[in-house]
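Trainee: Please see the structure below; I have some questions.
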Amino acid sequence: MSWTEGNNAVRMALFDGTSWTEARTIHQSETLFVNWADFPSVVGLSDGTLAAHWLELNGPDSYQYDVKIAFSFDEGRNWTAPLIPHDDRSQREHGFVSLVPDDSGGLTALWLDGRAYDIQATDDSYENAMQVRARHIAPDGSMGPESLLDPRACTCCQTSAVRNEAGSIIAVYRDRTVEEIRDISVVRLVEEEWTDPETIYADGWEISGCPVNGPAIDALGTNAVVVWFTGANGEAKARIAFSRDGGASFEDPLQLDLGTPAGRVDVLQMGDGKALALWLEYANGGEAIVMCQVSPESGCTSPQALRINRGRESVGFPRMTRSAAGVLVAWTGTAAGDLAGTTVLGVEIAIRPVAR
């Protein structure tokens with residue numbers, strides 16, 4: 001698990017199914033870009049190497065920053081000098097990264113790229129937009145060519161990507177048409193070629209600004225599942241759609257929410273074809289972290305609130321992952337969480353065993 005501590009440090013800890021290691025520093029800098037919605041991550045590669053990403057300011061203004069990626073061969077105690085996955089070195093935004101490990105010890109990085117986007121521009125042409133780009137990074141740190149996946153995407157919604165059983169990458173993100181329709185699109189890396197973007201479902205959400213509310217995807221076996229938030233037609237909804245062919249196509253979506261969703265979704269594909277979905281719901285004067293096991297046939301039948309936050313600070317963007325203990329869920333808290341005796345500011349952990 002990784003988190004931002006203060007305004008200048010990216011830290012992590014490892015969980016072995018019973019206890020957490022001490023907190024370890026990945027990177028510390030006074031030029032770290034810290035943002036509540038665009039946060040660092042750590043992934044484990046196939047050979048046991050860890051890869052981490054964070055964002056570093058590259059100019060005097062708030063939204064001028066690069067993506068940095070580093071590797072650790074000793075469980076996070078030491079890290080390599082960081083590399084920048086994008087060729088562009090302009091003082092623009094580069095962020096909302098997804099890291100996808102492969103079977104050879106490398107990874108593919110996917111990010112939103114602002115090289116063509118000028119937030120000060122008076123015209124709003126098709127070309128003046130955030131792009132979705134990706135690049136493969138080999139185990140030795142060498143990089144393949146950049147790929148432009150979409151020349152026009154929503155400005156600041158999280159991306160999400162996963163590798164399926166066939167070895168293809170499925171990536172989802174919030175798109176942006178000339179008419180300002182900001183629905184969820186999917187692209188896939190199949191036999192080393194990226195497909196053209198396709199809309200998961202035509203919600204038709206027209207909005208002249210970024211909702212800062214990206215989708216999430218997961219895959220297991222030949223199944224895949226995606227969840228997202230939409231405000232189309234003035235109605236807030238959290239939706240889920242299943243794929244039974246490795247992400248090549250998705251069924252019509254099912255509604256998840258209880259009537260007042262805030263979005264900020266996450267999802268895990270389970271081995272029985274069901275999915276475990278998570279989202280935020282406004283409830284009882286606060287934010288509720290809601291989890292539900294979802295069936296492609298019957299949808300969400302028994303949603304449960306993991307926590308209701310009535311504090312002044314938001315729980316942020318909760319995240320979950322599988323572990324030997326079941327499923328781990330992490331979110332931002334107003335009080336310190338205690339990980340095996342190590343206090344980590346603003347992080348809480350909940351463990352809920354879920355059958356796979």
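Following the order of the structure tokens, first chain is A, next is B, and so on, with residues numbered from 1 inside each chain and ligands from 1 in the order they appear.
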Neighbouring residues of range 196-213 of chain A were defined as those with any atom within 6 Å, considering only C-alpha atoms; residues of the same chain fewer than 6 positions away were excluded. Please report them as a PyMOL selection string.
Mentor: chain A and resi 155-157+180-182+184-187+232+264
Trainee: Can you pull out the residues contacting Asn284 in chain A? Cut-off 10 Å, using only C-alpha atoms, and skip same-chain residues under 5 positions away; I want them as a list of chain:residue names.
Mentor: A:Ile308, A:Asn309, A:Arg310
Trainee: Quick one: everything within 8 Å of Val227 in chain A, counting only C-alpha atoms, minus sequence neighbours fewer than 4 positions away in the same chain. Send it as a PyMOL selection string.
Mentor: chain A and resi 215-217+238-241+265-267+277
Trainee: Would you save the residues from that selection as a PDB file, in the first residue's frame, using N, CA, C and O atoms?
Mentor:
```pdb
ATOM      1  N   PRO A 215     -13.406   5.910 -14.028  1.00  0.00           N
ATOM      2  CA  PRO A 215     -13.918   4.543 -13.924  1.00  0.00           C
ATOM      3  C   PRO A 215     -12.883   3.611 -13.307  1.00  0.00           C
ATOM      4  O   PRO A 215     -11.733   3.998 -13.047  1.00  0.00           O
ATOM      5  N   ALA A 216     -13.268   2.356 -13.090  1.00  0.00           N
ATOM      6  CA  ALA A 216     -12.351   1.315 -12.619  1.00  0.00           C
ATOM      7  C   ALA A 216     -12.678   0.023 -13.343  1.00  0.00           C
ATOM      8  O   ALA A 216     -13.836  -0.251 -13.651  1.00  0.00           O
ATOM      9  N   ILE A 217     -11.624  -0.777 -13.603  1.00  0.00           N
ATOM     10  CA  ILE A 217     -11.810  -2.041 -14.317  1.00  0.00           C
ATOM     11  C   ILE A 217     -10.995  -3.129 -13.646  1.00  0.00           C
ATOM     12  O   ILE A 217      -9.957  -2.863 -13.029  1.00  0.00           O
ATOM     13  N   ALA A 238     -24.302   5.371 -10.309  1.00  0.00           N
ATOM     14  CA  ALA A 238     -23.123   4.510 -10.356  1.00  0.00           C
ATOM     15  C   ALA A 238     -23.529   3.248 -11.105  1.00  0.00           C
ATOM     16  O   ALA A 238     -24.539   2.614 -10.764  1.00  0.00           O
ATOM     17  N   ARG A 239     -22.742   2.867 -12.110  1.00  0.00           N
ATOM     18  CA  ARG A 239     -23.122   1.769 -12.979  1.00  0.00           C
ATOM     19  C   ARG A 239     -22.002   0.739 -13.069  1.00  0.00           C
ATOM     20  O   ARG A 239     -20.830   1.040 -12.850  1.00  0.00           O
ATOM     21  N   ILE A 240     -22.382  -0.486 -13.442  1.00  0.00           N
ATOM     22  CA  ILE A 240     -21.449  -1.584 -13.609  1.00  0.00           C
ATOM     23  C   ILE A 240     -21.825  -2.352 -14.866  1.00  0.00           C
ATOM     24  O   ILE A 240     -23.002  -2.523 -15.174  1.00  0.00           O
ATOM     25  N   ALA A 241     -20.803  -2.779 -15.628  1.00  0.00           N
ATOM     26  CA  ALA A 241     -21.052  -3.569 -16.836  1.00  0.00           C
ATOM     27  C   ALA A 241     -20.067  -4.730 -16.880  1.00  0.00           C
ATOM     28  O   ALA A 241     -18.887  -4.569 -16.558  1.00  0.00           O
ATOM     29  N   VAL A 265     -15.327   5.200  -7.667  1.00  0.00           N
ATOM     30  CA  VAL A 265     -15.614   3.769  -7.704  1.00  0.00           C
ATOM     31  C   VAL A 265     -14.344   2.921  -7.707  1.00  0.00           C
ATOM     32  O   VAL A 265     -13.254   3.376  -8.037  1.00  0.00           O
ATOM     33  N   ASP A 266     -14.516   1.650  -7.351  1.00  0.00           N
ATOM     34  CA  ASP A 266     -13.504   0.628  -7.551  1.00  0.00           C
ATOM     35  C   ASP A 266     -14.219  -0.704  -7.714  1.00  0.00           C
ATOM     36  O   ASP A 266     -15.401  -0.838  -7.349  1.00  0.00           O
ATOM     37  N   VAL A 267     -13.489  -1.720  -8.260  1.00  0.00           N
ATOM     38  CA  VAL A 267     -14.148  -2.999  -8.534  1.00  0.00           C
ATOM     39  C   VAL A 267     -13.118  -4.114  -8.570  1.00  0.00           C
ATOM     40  O   VAL A 267     -11.961  -3.908  -8.938  1.00  0.00           O
ATOM     41  N   ALA A 277     -18.083  -4.571  -5.997  1.00  0.00           N
ATOM     42  CA  ALA A 277     -18.055  -3.162  -6.378  1.00  0.00           C
ATOM     43  C   ALA A 277     -18.032  -2.272  -5.142  1.00  0.00           C
ATOM     44  O   ALA A 277     -18.600  -2.613  -4.099  1.00  0.00           O
TER      45      ALA A 277
END
```
Trainee: Would you give me, as JSON, numbers by chain, the residues in range 180-314 of chain A that DSSP reads as strand (DSSP E)?
Mentor: {"A": [184, 185, 186, 187, 188, 189, 190, 193, 194, 198, 199, 216, 217, 218, 219, 220, 223, 224, 225, 226, 227, 228, 229, 230, 237, 238, 239, 240, 241, 242, 243, 254, 255, 261, 262, 263, 264, 265, 266, 267, 268, 269, 275, 276, 277, 278, 279, 280, 281, 282, 283, 286, 287, 288, 289, 290, 291, 292, 293, 294, 295, 299, 300, 304, 305, 306, 307, 308, 309]}
Trainee: Counting only C-alpha atoms, which of A:Asn128, A:Ser104, A:Thr49, A:Ser98 gets nearest to Thr159 in chain A?
Mentor: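 Of the candidates, the smallest distance to Thr159 in chain A is held by A:Ser98.
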Trainee: Residues near Ala70 in chain A, anyone? I mean within 8 Å using only C-alpha atoms, not counting same-chain ones fewer than 2 positions away, as a PyMOL selection string.
Mentor: chain A and resi 51-53+68+72+79-83
Trainee: Could you write out that same residue set with N, CA and C atoms as a PDB file, in the first residue's frame?
Mentor:
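After the write, again_32.pdb holds the following:
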```pdb
ATOM      1  N   ALA A  51       7.331  -1.512  -8.585  1.00  0.00           N
ATOM      2  CA  ALA A  51       7.380  -0.297  -9.400  1.00  0.00           C
ATOM      3  C   ALA A  51       6.452   0.727  -8.770  1.00  0.00           C
ATOM      4  N   ALA A  52       6.916   1.957  -8.685  1.00  0.00           N
ATOM      5  CA  ALA A  52       6.121   3.033  -8.084  1.00  0.00           C
ATOM      6  C   ALA A  52       6.065   4.217  -9.038  1.00  0.00           C
ATOM      7  N   HIS A  53       4.981   4.954  -8.970  1.00  0.00           N
ATOM      8  CA  HIS A  53       4.921   6.205  -9.719  1.00  0.00           C
ATOM      9  C   HIS A  53       4.498   7.331  -8.795  1.00  0.00           C
ATOM     10  N   LYS A  68       6.861  10.364 -12.758  1.00  0.00           N
ATOM     11  CA  LYS A  68       8.124   9.706 -12.434  1.00  0.00           C
ATOM     12  C   LYS A  68       7.834   8.255 -12.046  1.00  0.00           C
ATOM     13  N   SER A  72      12.142  -0.903  -7.239  1.00  0.00           N
ATOM     14  CA  SER A  72      12.830  -1.401  -6.039  1.00  0.00           C
ATOM     15  C   SER A  72      12.998  -2.904  -6.148  1.00  0.00           C
ATOM     16  N   TRP A  79      15.357   2.502  -3.946  1.00  0.00           N
ATOM     17  CA  TRP A  79      14.684   2.717  -5.223  1.00  0.00           C
ATOM     18  C   TRP A  79      15.668   3.244  -6.264  1.00  0.00           C
ATOM     19  N   THR A  80      15.441   2.870  -7.512  1.00  0.00           N
ATOM     20  CA  THR A  80      16.291   3.339  -8.600  1.00  0.00           C
ATOM     21  C   THR A  80      16.036   4.815  -8.866  1.00  0.00           C
ATOM     22  N   ALA A  81      16.949   5.414  -9.631  1.00  0.00           N
ATOM     23  CA  ALA A  81      16.704   6.775 -10.106  1.00  0.00           C
ATOM     24  C   ALA A  81      15.456   6.754 -10.981  1.00  0.00           C
ATOM     25  N   PRO A  82      14.565   7.714 -10.838  1.00  0.00           N
ATOM     26  CA  PRO A  82      13.299   7.668 -11.577  1.00  0.00           C
ATOM     27  C   PRO A  82      13.475   7.958 -13.058  1.00  0.00           C
ATOM     28  N   LEU A  83      12.577   7.394 -13.852  1.00  0.00           N
ATOM     29  CA  LEU A  83      12.502   7.710 -15.274  1.00  0.00           C
ATOM     30  C   LEU A  83      11.175   8.400 -15.550  1.00  0.00           C
TER      31      LEU A  83
END
```
